[in-house]
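> Below is the structure I would like to discuss, written out as structure tokens.
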Amino acid sequence: MVYSSVEPSIRAIINKLPDRNPAQIWIALGAKFNTAISRSGRMAIRKRFQFTTMKEGTSVQAYIARLTTIQQELSGTPDEIADDSLISHLLQNLSKNYKTLVDIITHRPTEGEMVDAITTELIEYETSDALFIAQVGSNTNTTGTVVDGHALVAETQGNPKYSSRGHGQGHGRTRGQGSGSGRGNGRKPYERSVGRCFYCTKEGHRASDCALK
């Protein structure tokens, strides 16, 4: 079972062992690959733990898995990582997207809170946030607001009807003054219906004024 569970490079080492007793194989592999046996190896693992942070664009689940793997490497050694230390490091090195949740967790009574409870809370937060973003991105009202905004910009740019020199013809004069018919009606382009807000999808609400942006 040990032989079939390891990589080919490790099998080559097993093949060279004089005694292939399962217990002896396990001891030999531990002496060769378990860096936590020596003090310098444990210090290297602790250093790797200190420099492990959550990178932008990575999942919180992957970040948690890296930390717990390092904790398991030092389990049972003089330099093992306590759960409190793991939780503290985990919360301090999350990406900025988790700032609100971290503030909630750090300001509530945490006595007796386990690693599993906090990591589950973080993963559920990540999942719900991803679902919210997906729903907003697929909302037809949101899409329509963006399209309307682009169309409005395209309509006003380069159109003499909306230029600073005056509306329509008549050399900038209002209707009934001087010569020219003054075909412009004086209505500004931004007085059109703004549709739905990009952020809260409220009817007639401008995205620039939304508190959720």
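So you can find residues: chains in the structure tokens are A, B, ... in the order shown, residues in each start at 1, and ligands are numbered from 1 in order.
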Pick out the residues sitting within 7 Å of range 64-72 of chain A, and hand them over as an mmCIF file with N, CA and C atoms, in the first residue's frame; count only C-alpha atoms, and ignore anything fewer than 2 positions along from it in its own chain.

data_model
loop_
_atom_site.group_PDB
_atom_site.id
_atom_site.type_symbol
_atom_site.label_atom_id
_atom_site.label_comp_id
_atom_site.auth_asym_id
_atom_site.auth_seq_id
_atom_site.Cartn_x
_atom_site.Cartn_y
_atom_site.Cartn_z
ATOM 1 N N ILE A 45 9.769 25.890 7.877
ATOM 2 C CA ILE A 45 8.326 25.730 7.712
ATOM 3 C C ILE A 45 7.589 26.902 8.360
ATOM 4 N N PHE A 49 5.111 29.704 6.690
ATOM 5 C CA PHE A 49 3.796 30.033 7.234
ATOM 6 C C PHE A 49 3.629 31.549 7.361
ATOM 7 N N VAL A 60 -10.447 31.933 -1.262
ATOM 8 C CA VAL A 60 -10.147 31.842 0.162
ATOM 9 C C VAL A 60 -9.978 30.383 0.575
ATOM 10 N N GLN A 61 -10.650 29.485 -0.123
ATOM 11 C CA GLN A 61 -10.525 28.067 0.194
ATOM 12 C C GLN A 61 -9.105 27.566 -0.073
ATOM 13 N N ALA A 62 -8.509 28.003 -1.176
ATOM 14 C CA ALA A 62 -7.135 27.616 -1.489
ATOM 15 C C ALA A 62 -6.160 28.206 -0.478
ATOM 16 N N LEU A 74 3.781 20.676 10.981
ATOM 17 C CA LEU A 74 4.428 20.900 12.285
ATOM 18 C C LEU A 74 3.657 20.280 13.444
ATOM 19 N N SER A 75 2.584 19.573 13.134
ATOM 20 C CA SER A 75 1.781 18.955 14.188
ATOM 21 C C SER A 75 2.599 17.928 14.973
ATOM 22 N N GLU A 80 4.868 23.397 16.776
ATOM 23 C CA GLU A 80 3.548 23.278 16.146
ATOM 24 C C GLU A 80 2.777 24.596 16.246
ATOM 25 N N ILE A 81 1.895 24.798 15.279
ATOM 26 C CA ILE A 81 1.127 26.046 15.175
ATOM 27 C C ILE A 81 -0.226 25.835 15.848
#
> Show which residues sit within 9 Å of Asp84 in chain A, as a short mmCIF file (atom, residue, chain, number, x, y, z; two decimals) with C-alpha atoms, in the first residue's frame. Count only C-alpha atoms, and ignore same-chain residues fewer than 3 positions away.

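The resulting file, out30.cif, is reproduced below:
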data_model
loop_
_atom_site.label_atom_id
_atom_site.label_comp_id
_atom_site.auth_asym_id
_atom_site.auth_seq_id
_atom_site.Cartn_x
_atom_site.Cartn_y
_atom_site.Cartn_z
CA ILE A 81 1.13 26.05 15.18
CA ILE A 87 -6.88 32.06 13.00
CA SER A 88 -4.96 35.27 13.73
CA HIS A 89 -2.69 34.84 10.72
CA MET A 114 -12.85 26.76 16.28
CA VAL A 115 -10.85 26.97 13.07
#
> Tell me, in Å to one decimal, how far CA of Lys16 in chain A is from CA of Arg42 in chain A.
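So the two atoms, CA of Lys16 in chain A and CA of Arg42 in chain A, lie 27.8 Å apart.
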> Looking at only C-alpha atoms, which of A:Leu17, A:Phe51, A:Ile105, A:Phe33 is the one that sits closest to Glu121 in chain A?
A:Ile105
> Considering only C-alpha atoms, return as a PyMOL selection string whatever protein or nucleic-acid residues lie within 10 Å of Arg39 in chain A, sequence-local ones (same chain, fewer than 4 positions apart) excluded.
chain A and resi 35+43-45+77-79
> With C-alpha atoms retained, export the selected residues as a JSON list (two decimals), in the first residue's frame.

[["chain", "number", "residue", "atom", "x", "y", "z"],
["A", 35, "THR", "CA", 11.76, 18.41, 7.20],
["A", 43, "MET", "CA", 12.13, 27.05, 11.29],
["A", 44, "ALA", "CA", 11.91, 26.97, 7.50],
["A", 45, "ILE", "CA", 8.33, 25.73, 7.71],
["A", 77, "THR", "CA", 6.60, 18.97, 17.03],
["A", 78, "PRO", "CA", 7.94, 21.56, 19.51],
["A", 79, "ASP", "CA", 7.11, 24.30, 16.97]]
> Using only C-alpha atoms, find the one residue out of A:Thr52, A:Leu86, A:Leu29, A:Arg11 that sits nearest to Asp116 in chain A.
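So, comparing all the options, the nearest one is A:Leu86.
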> What is the CA of Thr106 in chain A-CA of Phe132 in chain A distance in Å, reported with one decimal?
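CA of Phe132 in chain A lies at a distance of 24.5 Å from CA of Thr106 in chain A.
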